[in-house]
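Coordinates from target.cif are shown below (mmCIF, C-alpha atoms).
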```
data_start
loop_
_atom_site.group_PDB
_atom_site.id
_atom_site.type_symbol
_atom_site.label_atom_id
_atom_site.label_comp_id
_atom_site.auth_asym_id
_atom_site.auth_seq_id
_atom_site.Cartn_x
_atom_site.Cartn_y
_atom_site.Cartn_z
ATOM 1 C CA MET A 242 -6.291 20.479 147.591
ATOM 2 C CA THR A 243 -7.831 23.682 146.235
ATOM 3 C CA GLU A 244 -10.775 25.425 147.868
ATOM 4 C CA VAL A 245 -13.076 24.187 145.112
ATOM 5 C CA GLU A 246 -11.815 20.622 145.515
ATOM 6 C CA GLY A 247 -12.186 20.815 149.296
ATOM 7 C CA PHE A 248 -15.777 21.974 149.047
ATOM 8 C CA ALA A 249 -16.630 19.406 146.365
ATOM 9 C CA ALA A 250 -15.218 16.561 148.482
ATOM 10 C CA ALA A 251 -17.090 17.684 151.609
ATOM 11 C CA ALA A 252 -20.344 18.131 149.708
ATOM 12 C CA GLU A 253 -20.122 14.820 147.860
ATOM 13 C CA ALA A 254 -19.461 12.957 151.118
ATOM 14 C CA SER A 255 -22.828 14.174 152.401
ATOM 15 C CA ARG A 256 -24.845 13.905 149.177
ATOM 16 C CA ARG A 257 -26.645 10.631 149.821
ATOM 17 C CA GLU A 258 -27.503 11.286 153.436
ATOM 18 C CA LEU A 259 -28.739 14.789 152.525
ATOM 19 C CA LEU A 260 -30.921 13.224 149.832
ATOM 20 C CA ALA A 261 -32.349 10.781 152.380
ATOM 21 C CA HIS A 262 -33.000 13.624 154.840
ATOM 22 C CA CYS A 263 -34.708 15.834 152.256
ATOM 23 C CA TYR A 264 -36.773 12.879 151.045
ATOM 24 C CA ARG A 265 -38.009 12.232 154.582
ATOM 25 C CA MET A 266 -38.886 15.900 154.909
ATOM 26 C CA LEU A 267 -40.622 16.276 151.534
ATOM 27 C CA GLY A 268 -41.948 12.808 150.677
ATOM 28 C CA SER A 269 -40.774 13.250 147.081
ATOM 29 C CA ALA A 270 -37.561 11.884 145.618
ATOM 30 C CA ASP A 271 -37.635 14.416 142.782
ATOM 31 C CA GLU A 272 -38.146 17.403 145.079
ATOM 32 C CA ALA A 273 -35.482 16.077 147.440
ATOM 33 C CA GLU A 274 -32.963 15.889 144.586
ATOM 34 C CA ASP A 275 -33.769 19.474 143.607
ATOM 35 C CA VAL A 276 -33.300 20.690 147.194
ATOM 36 C CA VAL A 277 -29.942 18.920 147.497
ATOM 37 C CA GLN A 278 -28.749 20.642 144.324
ATOM 38 C CA GLU A 279 -30.024 23.962 145.658
ATOM 39 C CA THR A 280 -28.231 23.275 148.957
ATOM 40 C CA PHE A 281 -24.899 22.746 147.217
ATOM 41 C CA LEU A 282 -25.368 25.885 145.138
ATOM 42 C CA ARG A 283 -26.178 27.998 148.209
ATOM 43 C CA ALA A 284 -23.311 26.436 150.141
ATOM 44 C CA TRP A 285 -20.784 27.116 147.408
ATOM 45 C CA ARG A 286 -21.870 30.738 147.117
ATOM 46 C CA SER A 287 -21.299 31.264 150.843
ATOM 47 C CA TYR A 288 -18.413 28.827 151.345
ATOM 48 C CA GLN A 289 -15.796 31.545 151.673
ATOM 49 C CA GLY A 290 -17.699 32.916 154.648
ATOM 50 C CA PHE A 291 -17.937 29.526 156.375
ATOM 51 C CA GLU A 292 -16.178 30.025 159.705
ATOM 52 C CA GLY A 293 -16.006 26.397 160.787
ATOM 53 C CA ARG A 294 -18.089 26.871 163.937
ATOM 54 C CA SER A 295 -19.751 23.563 163.059
ATOM 55 C CA SER A 296 -18.780 20.705 160.768
ATOM 56 C CA VAL A 297 -19.407 21.095 157.037
ATOM 57 C CA ARG A 298 -21.949 18.264 157.385
ATOM 58 C CA VAL A 299 -24.033 20.116 159.996
ATOM 59 C CA TRP A 300 -23.707 23.337 157.999
ATOM 60 C CA LEU A 301 -25.076 21.587 154.908
ATOM 61 C CA TYR A 302 -27.914 20.132 156.968
ATOM 62 C CA ARG A 303 -28.820 23.634 158.124
ATOM 63 C CA ILE A 304 -29.059 24.858 154.546
ATOM 64 C CA ALA A 305 -30.938 21.758 153.325
ATOM 65 C CA THR A 306 -33.418 21.706 156.205
ATOM 66 C CA ASN A 307 -34.286 25.364 155.809
ATOM 67 C CA ALA A 308 -34.678 24.886 152.055
ATOM 68 C CA CYS A 309 -37.104 22.028 152.782
ATOM 69 C CA LEU A 310 -39.052 24.183 155.234
ATOM 70 C CA THR A 311 -39.350 26.894 152.597
ATOM 71 C CA ALA A 312 -40.577 24.371 150.033
ATOM 72 C CA LEU A 313 -43.165 23.020 152.471
ATOM 73 C CA GLN A 314 -44.693 26.466 153.003
ATOM 74 C CA SER A 315 -46.281 26.398 149.575
ATOM 75 C CA ARG A 316 -47.846 22.941 149.476
ATOM 76 C CA LYS A 317 -49.860 20.428 151.415
ATOM 77 C CA LEU A 318 -48.673 17.056 152.673
ATOM 78 C CA ARG A 319 -48.041 14.151 150.319
ATOM 79 C CA PRO A 320 -50.266 11.326 151.585
ATOM 80 C CA LEU A 321 -50.977 7.744 150.673
ATOM 81 C CA PRO A 322 -54.605 6.690 150.128
ATOM 82 C CA SER A 323 -54.699 5.081 153.593
ATOM 83 C CA GLY A 324 -53.947 8.469 155.117
ATOM 84 C CA LEU A 325 -57.030 10.116 153.625
ATOM 85 C CA GLY A 326 -59.916 8.178 155.120
ATOM 86 C CA ALA A 327 -61.414 4.807 155.950
ATOM 87 C CA PRO A 328 -60.870 1.737 153.740
ATOM 88 C CA SER A 329 -63.454 0.825 151.133
ATOM 89 C CA ASP A 330 -65.800 -2.038 151.979
ATOM 90 C CA ASP A 331 -66.650 -2.652 148.311
ATOM 91 C CA PRO A 332 -63.586 -4.102 146.545
ATOM 92 C CA GLU A 333 -65.556 -4.797 143.379
ATOM 93 C CA GLY A 334 -67.210 -1.395 143.146
ATOM 94 C CA PRO A 335 -66.037 1.745 141.352
ATOM 95 C CA GLN A 336 -62.938 3.435 142.711
ATOM 96 C CA THR A 337 -62.726 7.094 143.646
ATOM 97 C CA MET A 338 -59.882 8.640 141.692
ATOM 98 C CA ALA A 339 -57.805 11.629 142.745
ATOM 99 C CA GLU A 340 -57.955 14.719 140.617
ATOM 100 C CA PRO A 341 -55.170 15.104 138.017
ATOM 101 C CA GLY A 342 -51.952 16.492 139.447
ATOM 102 C CA PHE A 343 -52.660 15.318 143.001
ATOM 103 C CA ALA A 344 -49.325 15.140 144.864
ATOM 104 C CA TRP A 345 -48.874 11.648 146.317
ATOM 105 C CA LEU A 346 -46.068 10.432 148.514
ATOM 106 C CA GLN A 347 -43.385 8.966 146.238
ATOM 107 C CA PRO A 348 -41.170 5.926 146.785
ATOM 108 C CA ILE A 349 -37.421 6.272 146.438
ATOM 109 C CA ALA A 350 -35.154 3.682 144.829
ATOM 110 C CA ASP A 351 -32.581 2.173 147.172
ATOM 111 C CA SER A 352 -30.005 2.577 144.399
ATOM 112 C CA ARG A 353 -30.193 6.375 144.816
ATOM 113 C CA LEU A 354 -29.181 6.085 148.462
ATOM 114 C CA THR A 355 -26.655 3.249 148.421
ATOM 115 C CA GLY A 356 -23.102 4.268 149.203
ATOM 116 C CA HIS A 357 -19.930 2.902 150.726
ATOM 117 C CA PRO A 358 -20.567 1.076 154.048
ATOM 118 C CA ASP A 359 -18.580 3.771 155.875
ATOM 119 C CA ASP A 360 -20.659 6.532 154.292
ATOM 120 C CA PRO A 361 -23.105 8.092 156.816
ATOM 121 C CA ALA A 362 -25.849 7.615 154.226
ATOM 122 C CA ALA A 363 -25.290 3.862 154.275
ATOM 123 C CA VAL A 364 -25.667 3.938 158.055
ATOM 124 C CA ALA A 365 -28.927 5.866 157.662
ATOM 125 C CA ASP A 366 -30.158 3.330 155.121
ATOM 126 C CA ARG A 367 -29.785 0.516 157.628
ATOM 127 C CA ARG A 368 -32.249 2.192 159.974
ATOM 128 C CA GLU A 369 -36.018 1.926 159.679
ATOM 129 C CA ASP A 370 -36.536 5.625 159.001
ATOM 130 C CA LEU A 371 -36.855 5.343 155.217
ATOM 131 C CA ARG A 372 -39.571 2.696 155.242
ATOM 132 C CA LEU A 373 -42.592 3.820 153.294
ATOM 133 C CA ALA A 374 -45.130 3.646 156.118
ATOM 134 C CA LEU A 375 -42.884 5.683 158.401
ATOM 135 C CA VAL A 376 -42.169 8.350 155.789
ATOM 136 C CA ALA A 377 -45.933 8.555 155.258
ATOM 137 C CA SER A 378 -46.479 9.069 158.980
ATOM 138 C CA LEU A 379 -43.984 11.965 158.982
ATOM 139 C CA GLN A 380 -46.247 13.774 156.539
ATOM 140 C CA HIS A 381 -48.772 14.226 159.353
ATOM 141 C CA LEU A 382 -46.375 16.433 161.309
ATOM 142 C CA PRO A 383 -46.098 20.200 160.873
ATOM 143 C CA PRO A 384 -42.891 20.902 158.905
ATOM 144 C CA ARG A 385 -40.880 22.303 161.835
ATOM 145 C CA GLN A 386 -41.837 19.401 164.114
ATOM 146 C CA ARG A 387 -40.884 17.042 161.302
ATOM 147 C CA ALA A 388 -37.480 18.681 161.049
ATOM 148 C CA VAL A 389 -36.903 18.522 164.806
ATOM 149 C CA LEU A 390 -37.848 14.840 164.954
ATOM 150 C CA LEU A 391 -35.563 13.894 162.069
ATOM 151 C CA LEU A 392 -32.601 15.928 163.268
ATOM 152 C CA ARG A 393 -32.879 14.646 166.830
ATOM 153 C CA GLU A 394 -33.888 11.001 166.389
ATOM 154 C CA VAL A 395 -32.605 10.043 162.947
ATOM 155 C CA LEU A 396 -29.407 12.089 162.846
ATOM 156 C CA ASP A 397 -28.858 12.097 166.634
ATOM 157 C CA LEU A 398 -27.979 15.790 166.767
ATOM 158 C CA PRO A 399 -28.038 17.338 170.269
ATOM 159 C CA ALA A 400 -31.032 19.539 171.083
ATOM 160 C CA ALA A 401 -28.799 22.607 171.345
ATOM 161 C CA ASP A 402 -27.381 21.988 167.849
ATOM 162 C CA VAL A 403 -30.877 21.485 166.428
ATOM 163 C CA GLY A 404 -31.927 24.755 168.038
ATOM 164 C CA GLN A 405 -29.028 26.615 166.424
ATOM 165 C CA LEU A 406 -29.738 24.945 163.101
ATOM 166 C CA LEU A 407 -33.437 25.920 163.111
ATOM 167 C CA GLY A 408 -33.222 29.183 165.005
ATOM 168 C CA MET A 409 -35.075 27.800 168.048
ATOM 169 C CA SER A 410 -34.320 27.706 171.739
ATOM 170 C CA THR A 411 -33.321 24.382 173.267
ATOM 171 C CA ALA A 412 -36.559 24.391 175.267
ATOM 172 C CA ALA A 413 -38.580 24.935 172.080
ATOM 173 C CA VAL A 414 -36.757 22.034 170.419
ATOM 174 C CA LYS A 415 -37.569 19.713 173.319
ATOM 175 C CA SER A 416 -41.215 20.793 173.290
ATOM 176 C CA ALA A 417 -41.512 20.289 169.517
ATOM 177 C CA LEU A 418 -39.892 16.867 169.809
ATOM 178 C CA GLN A 419 -42.366 15.800 172.500
ATOM 179 C CA ARG A 420 -45.333 16.891 170.393
ATOM 180 C CA ALA A 421 -43.911 15.164 167.309
ATOM 181 C CA ARG A 422 -43.390 11.908 169.184
ATOM 182 C CA GLY A 423 -46.955 12.031 170.467
ATOM 183 C CA ARG A 424 -48.373 12.520 166.989
ATOM 184 C CA ILE A 425 -46.204 9.796 165.473
ATOM 185 C CA GLU A 426 -47.416 7.348 168.118
ATOM 186 C CA GLN A 427 -50.955 8.004 166.882
ATOM 187 C CA VAL A 428 -50.301 7.527 163.169
ATOM 188 C CA ALA A 429 -47.152 5.394 162.826
ATOM 189 C CA PRO A 430 -47.316 1.622 162.338
ATOM 190 C CA THR A 431 -46.581 -0.624 165.276
ATOM 191 C CA ALA A 432 -43.314 -2.512 165.570
ATOM 192 C CA ASP A 433 -44.976 -5.649 164.195
ATOM 193 C CA ASP A 434 -45.944 -3.770 161.024
ATOM 194 C CA VAL A 435 -42.365 -2.861 160.197
ATOM 195 C CA SER A 436 -40.532 -5.997 161.351
ATOM 196 C CA LEU A 437 -38.790 -7.740 158.469
ATOM 197 C CA PRO A 438 -38.705 -11.426 157.609
ATOM 198 C CA THR A 439 -35.399 -13.135 156.978
ATOM 199 C CA GLY A 440 -33.656 -12.288 153.739
ATOM 200 C CA ALA A 441 -34.538 -15.650 152.236
ATOM 201 C CA GLU A 442 -38.214 -15.335 153.183
ATOM 202 C CA GLU A 443 -38.318 -11.790 151.850
ATOM 203 C CA ARG A 444 -36.946 -12.892 148.474
ATOM 204 C CA ALA A 445 -39.347 -15.813 148.353
ATOM 205 C CA LEU A 446 -42.358 -13.592 149.068
ATOM 206 C CA LEU A 447 -41.297 -11.096 146.405
ATOM 207 C CA ASN A 448 -40.865 -13.895 143.872
ATOM 208 C CA THR A 449 -44.286 -15.265 144.793
ATOM 209 C CA TYR A 450 -45.863 -11.843 144.328
ATOM 210 C CA ILE A 451 -44.267 -11.369 140.896
ATOM 211 C CA ASP A 452 -45.045 -14.899 139.749
ATOM 212 C CA ALA A 453 -48.666 -14.663 140.906
ATOM 213 C CA PHE A 454 -49.223 -11.514 138.861
ATOM 214 C CA GLU A 455 -47.471 -12.807 135.769
ATOM 215 C CA ARG A 456 -49.437 -16.085 135.864
ATOM 216 C CA ALA A 457 -52.657 -14.365 137.034
ATOM 217 C CA ASP A 458 -52.830 -16.744 139.986
ATOM 218 C CA PRO A 459 -55.046 -15.292 142.745
ATOM 219 C CA THR A 460 -54.685 -18.370 144.938
ATOM 220 C CA ALA A 461 -50.900 -18.059 145.127
ATOM 221 C CA LEU A 462 -51.202 -14.348 145.843
ATOM 222 C CA GLU A 463 -53.766 -14.943 148.580
ATOM 223 C CA ARG A 464 -51.472 -17.458 150.289
ATOM 224 C CA ALA A 465 -48.693 -14.850 150.375
ATOM 225 C CA LEU A 466 -50.806 -12.180 152.135
ATOM 226 C CA THR A 467 -51.378 -11.789 155.857
ATOM 227 C CA GLN A 468 -54.889 -11.803 157.324
ATOM 228 C CA ASP A 469 -54.720 -8.052 157.984
ATOM 229 C CA ALA A 470 -53.190 -7.147 154.624
ATOM 230 C CA VAL A 471 -53.619 -3.630 153.239
ATOM 231 C CA LEU A 472 -53.785 -2.698 149.553
ATOM 232 C CA GLU A 473 -53.591 0.811 148.115
ATOM 233 C CA VAL A 474 -53.058 1.848 144.502
ATOM 234 C CA THR A 475 -52.503 5.469 143.536
ATOM 235 C CA PRO A 476 -53.997 7.492 141.908
ATOM 236 C CA SER A 477 -57.089 5.915 143.451
ATOM 237 C CA LEU A 478 -58.301 7.382 146.725
ATOM 238 C CA SER A 479 -59.893 4.022 147.550
ATOM 239 C CA TRP A 480 -57.919 1.465 149.526
ATOM 240 C CA TYR A 481 -58.641 -1.936 151.040
ATOM 241 C CA SER A 482 -57.975 -3.702 154.327
ATOM 242 C CA GLY A 483 -58.205 -7.376 155.245
ATOM 243 C CA LEU A 484 -57.268 -10.496 153.308
ATOM 244 C CA GLU A 485 -60.699 -11.197 151.828
ATOM 245 C CA THR A 486 -61.313 -7.629 150.682
ATOM 246 C CA CYS A 487 -57.813 -7.242 149.212
ATOM 247 C CA THR A 488 -58.025 -10.574 147.413
ATOM 248 C CA ARG A 489 -61.387 -9.760 145.849
ATOM 249 C CA HIS A 490 -60.001 -6.521 144.460
ATOM 250 C CA LEU A 491 -56.771 -8.141 143.261
ATOM 251 C CA ARG A 492 -58.685 -10.825 141.354
ATOM 252 C CA ARG A 493 -60.036 -8.065 139.129
ATOM 253 C CA ALA A 494 -56.595 -6.534 138.604
ATOM 254 C CA LEU A 495 -54.711 -9.731 137.751
ATOM 255 C CA GLY A 496 -56.239 -10.128 134.291
ATOM 256 C CA THR A 497 -55.075 -13.186 132.365
ATOM 257 C CA PRO A 498 -51.646 -14.862 132.245
ATOM 258 C CA GLY A 499 -49.250 -12.468 130.560
ATOM 259 C CA THR A 500 -51.224 -9.305 131.345
ATOM 260 C CA TRP A 501 -48.452 -8.202 133.691
ATOM 261 C CA ARG A 502 -44.673 -8.320 133.623
ATOM 262 C CA MET A 503 -42.716 -7.417 136.743
ATOM 263 C CA LEU A 504 -39.065 -6.961 137.625
ATOM 264 C CA PRO A 505 -37.657 -7.059 141.163
ATOM 265 C CA THR A 506 -36.093 -3.991 142.754
ATOM 266 C CA ARG A 507 -35.936 -2.254 146.129
ATOM 267 C CA ALA A 508 -37.493 0.964 147.391
ATOM 268 C CA ASN A 509 -37.366 2.614 150.817
ATOM 269 C CA GLY A 510 -35.313 -0.296 152.117
ATOM 270 C CA GLN A 511 -38.123 -2.696 151.171
ATOM 271 C CA PRO A 512 -38.665 -5.284 148.419
ATOM 272 C CA ALA A 513 -40.467 -3.848 145.420
ATOM 273 C CA ALA A 514 -41.450 -4.663 141.860
ATOM 274 C CA VAL A 515 -41.477 -2.525 138.744
ATOM 275 C CA ALA A 516 -44.716 -3.292 136.883
ATOM 276 C CA TYR A 517 -45.454 -3.388 133.151
ATOM 277 C CA LEU A 518 -48.977 -3.720 131.756
ATOM 278 C CA ARG A 519 -49.661 -5.290 128.349
ATOM 279 C CA ASP A 520 -51.393 -2.929 125.941
ATOM 280 C CA GLY A 521 -53.714 -3.714 123.027
ATOM 281 C CA GLU A 522 -50.748 -4.358 120.744
ATOM 282 C CA GLY A 523 -49.245 -6.901 123.120
ATOM 283 C CA VAL A 524 -46.446 -4.602 124.304
ATOM 284 C CA HIS A 525 -45.670 -4.472 128.022
ATOM 285 C CA ARG A 526 -45.419 -0.775 128.876
ATOM 286 C CA ALA A 527 -44.362 0.875 132.116
ATOM 287 C CA PHE A 528 -47.165 1.064 134.675
ATOM 288 C CA GLY A 529 -45.529 1.916 138.006
ATOM 289 C CA VAL A 530 -43.854 0.522 141.114
ATOM 290 C CA ALA A 531 -45.254 -1.716 143.870
ATOM 291 C CA VAL A 532 -43.607 -1.524 147.300
ATOM 292 C CA LEU A 533 -44.217 -4.489 149.598
ATOM 293 C CA GLY A 534 -44.426 -4.224 153.365
ATOM 294 C CA MET A 535 -43.483 -7.623 154.774
ATOM 295 C CA ARG A 536 -43.299 -9.241 158.131
ATOM 296 C CA ARG A 537 -42.706 -12.777 159.283
ATOM 297 C CA GLY A 538 -45.340 -14.925 157.611
ATOM 298 C CA GLY A 539 -46.371 -12.867 154.642
ATOM 299 C CA ILE A 540 -46.961 -9.622 152.775
ATOM 300 C CA ALA A 541 -48.777 -7.199 155.065
ATOM 301 C CA ARG A 542 -49.051 -4.190 152.755
ATOM 302 C CA ILE A 543 -48.996 -3.601 149.014
ATOM 303 C CA THR A 544 -48.579 0.018 147.977
ATOM 304 C CA VAL A 545 -48.759 0.463 144.219
ATOM 305 C CA PHE A 546 -47.724 3.750 142.649
ATOM 306 C CA GLY A 547 -49.471 3.858 139.290
ATOM 307 C CA ASP A 548 -47.064 6.342 137.735
ATOM 308 C CA ALA A 549 -45.182 5.228 134.640
ATOM 309 C CA ALA A 550 -42.557 7.959 135.140
ATOM 310 C CA LEU A 551 -41.354 6.171 138.283
ATOM 311 C CA VAL A 552 -40.188 3.221 136.188
ATOM 312 C CA ALA A 553 -37.568 5.363 134.451
ATOM 313 C CA ALA A 554 -36.684 7.023 137.770
ATOM 314 C CA PHE A 555 -35.889 3.555 139.136
ATOM 315 C CA GLY A 556 -33.555 2.930 136.185
ATOM 316 C CA PHE A 557 -35.773 0.584 134.172
ATOM 317 C CA PRO A 558 -36.834 0.786 130.498
ATOM 318 C CA ASP A 559 -40.243 1.993 129.334
ATOM 319 C CA THR A 560 -41.055 -1.370 127.755
ATOM 320 C CA VAL A 561 -39.856 -4.932 128.307
ATOM 321 C CA GLY A 562 -39.708 -8.027 126.162
ATOM 322 C CA ALA A 563 -40.480 -11.596 127.170
ATOM 323 C CA GLY A 564 -36.883 -12.461 128.058
ATOM 324 C CA VAL A 565 -36.014 -9.543 130.321
ATOM 325 C CA ARG A 566 -35.342 -10.667 133.888
ATOM 326 C CA ALA A 567 -32.282 -8.742 135.039
ATOM 327 C CA LEU A 568 -32.075 -5.648 137.171
ATOM 328 C CA PRO A 569 -30.761 -2.478 135.466
ATOM 329 C CA GLY A 570 -27.074 -1.677 135.907
#
```
Before anything else, please render the file you have as structure tokens.
Amino acid sequence: MTEVEGFAAAAEASRRELLAHCYRMLGSADEAEDVVQETFLRAWRSYQGFEGRSSVRVWLYRIATNACLTALQSRKLRPLPSGLGAPSDDPEGPQTMAEPGFAWLQPIADSRLTGHPDDPAAVADRREDLRLALVASLQHLPPRQRAVLLLREVLDLPAADVGQLLGMSTAAVKSALQRARGRIEQVAPTADDVSLPTGAEERALLNTYIDAFERADPTALERALTQDAVLEVTPSLSWYSGLETCTRHLRRALGTPGTWRMLPTRANGQPAAVAYLRDGEGVHRAFGVAVLGMRRGGIARITVFGDAALVAAFGFPDTVGAGVRALPG
């Protein structure tokens, strides 16, 4: 195997888990992809000087993490609406919209992170650390604390290795980890909020959600939600909490039968739906992606990303006809 082939094999073996790591750091699938490409370019340029004092995987993580920290110096956190203030108590009133270009947290398609079961990325995918609510909570941490938490608790790197990777003492790593854990306990969802239903119940709830929107059936949708359900729809800054409030707002959004078309997918290890909205000419055009937070008994959170560009990023077409039901690929 040539030097180029050796580097390419080592880099490709870590691609998906590096993408997952950078996504957790940045909250943006697009930015994470750019940083991974930058990481490989930097690594290749300095590969001849790699002395093997650590594994290629840890070396790549050092480059990627520092690239993420550099990127985070020039921008603010990427929140969800629920991270910006209290819920609205007027579900039928006007919504407060974010200014154009506001940087929201993005979902990431599971298909971008799915690898061979023996791939470290596949192992990472089976953990809870990519779930949307948890990635959102990471955004509340200062970048270096975020990096320490992910490297220690998601990747299970020893404190000494994390210190070498970030240029920190072991004591500083332990202190940063303690502060990060304390902050996450304040903002992260409880275990009940992230517990999953069985696979069969999850599929049934997703089908109910899609069917309720396509048939404009608020009663069916209400039955699928939990009493403490949360609804947020970017780019609106307004969000809603509680079954009654969420249902009143959703009744306005459902329209009439046929207003919406939806296709099932997965994002952040969670069930999701790609949404299409019928325009004045009767064409269903890309609207965005809805990620569903479920637990035993119902849908506890609906996070809708009203960004048509996400539909293509998830591998779906810009428009759909009446007979389209299959997943892409």
**Request:** Using all atoms listed in the file, find all polymer residues with an atom at most 10 Å away from the point (-25.8, 24.4, 153.7); report them as a PyMOL selection string.
**Result:** chain A and resi 252+277+279-288+291+297-308
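Taking only C-alpha atoms into account, Gly547 of chain A lies nearest to A:Gln347 out of the set A:Gln347, A:Ser416, A:Thr439, A:Gln336.
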**Request:** Fewer than 2 positions away in the same chain doesn't count, so skip those; otherwise give me all residues within 8 Å of segment 507-512 of chain A, counting only C-alpha atoms, as an MDAnalysis selection string.
**Result:** chainID A and resid 348:352 366:367 369 371:373 443:444 447 505 514 532:534
Would you put the residues from that selection into a file with C-alpha atoms, as a PDB file, in the frame of the given file?
```pdb
ATOM      1  CA  PRO A 348     -41.170   5.926 146.785  1.00  0.00           C
ATOM      2  CA  ILE A 349     -37.421   6.272 146.438  1.00  0.00           C
ATOM      3  CA  ALA A 350     -35.154   3.682 144.829  1.00  0.00           C
ATOM      4  CA  ASP A 351     -32.581   2.173 147.172  1.00  0.00           C
ATOM      5  CA  SER A 352     -30.005   2.577 144.399  1.00  0.00           C
ATOM      6  CA  ASP A 366     -30.158   3.330 155.121  1.00  0.00           C
ATOM      7  CA  ARG A 367     -29.785   0.516 157.628  1.00  0.00           C
ATOM      8  CA  GLU A 369     -36.018   1.926 159.679  1.00  0.00           C
ATOM      9  CA  LEU A 371     -36.855   5.343 155.217  1.00  0.00           C
ATOM     10  CA  ARG A 372     -39.571   2.696 155.242  1.00  0.00           C
ATOM     11  CA  LEU A 373     -42.592   3.820 153.294  1.00  0.00           C
ATOM     12  CA  GLU A 443     -38.318 -11.790 151.850  1.00  0.00           C
ATOM     13  CA  ARG A 444     -36.946 -12.892 148.474  1.00  0.00           C
ATOM     14  CA  LEU A 447     -41.297 -11.096 146.405  1.00  0.00           C
ATOM     15  CA  PRO A 505     -37.657  -7.059 141.163  1.00  0.00           C
ATOM     16  CA  ALA A 514     -41.450  -4.663 141.860  1.00  0.00           C
ATOM     17  CA  VAL A 532     -43.607  -1.524 147.300  1.00  0.00           C
ATOM     18  CA  LEU A 533     -44.217  -4.489 149.598  1.00  0.00           C
ATOM     19  CA  GLY A 534     -44.426  -4.224 153.365  1.00  0.00           C
TER      20      GLY A 534
END
```
**Polymer residues at most 12 Å from Gly268 of chain A, all atoms listed in the file, same-chain spacing of 4 or more positions, as a count of residues only** = 37
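Note that the spacing between atom CA of Arg502 of chain A and atom CA of Leu518 of chain A amounts to 6.6 Å.
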**Message:** Set the distance at 12 Å and use only C-alpha atoms: which residues neighbour Gly326 of chain A once local chain neighbours fewer than 6 positions away are removed? I'd like the list as a ChimeraX atom specification.
**Reply:** /A:320,337,473,478-481
**Request:** Work out how far atom CA of Leu466 of chain A is from atom CA of Thr486 of chain A, in Å to one decimal.
**Result:** 11.5 Å
**Of the listed residues A:Arg420, A:Val552, A:Thr475, A:Gly562, that which approaches Pro322 of chain A most closely, counting all atoms listed in the file** = A:Thr475
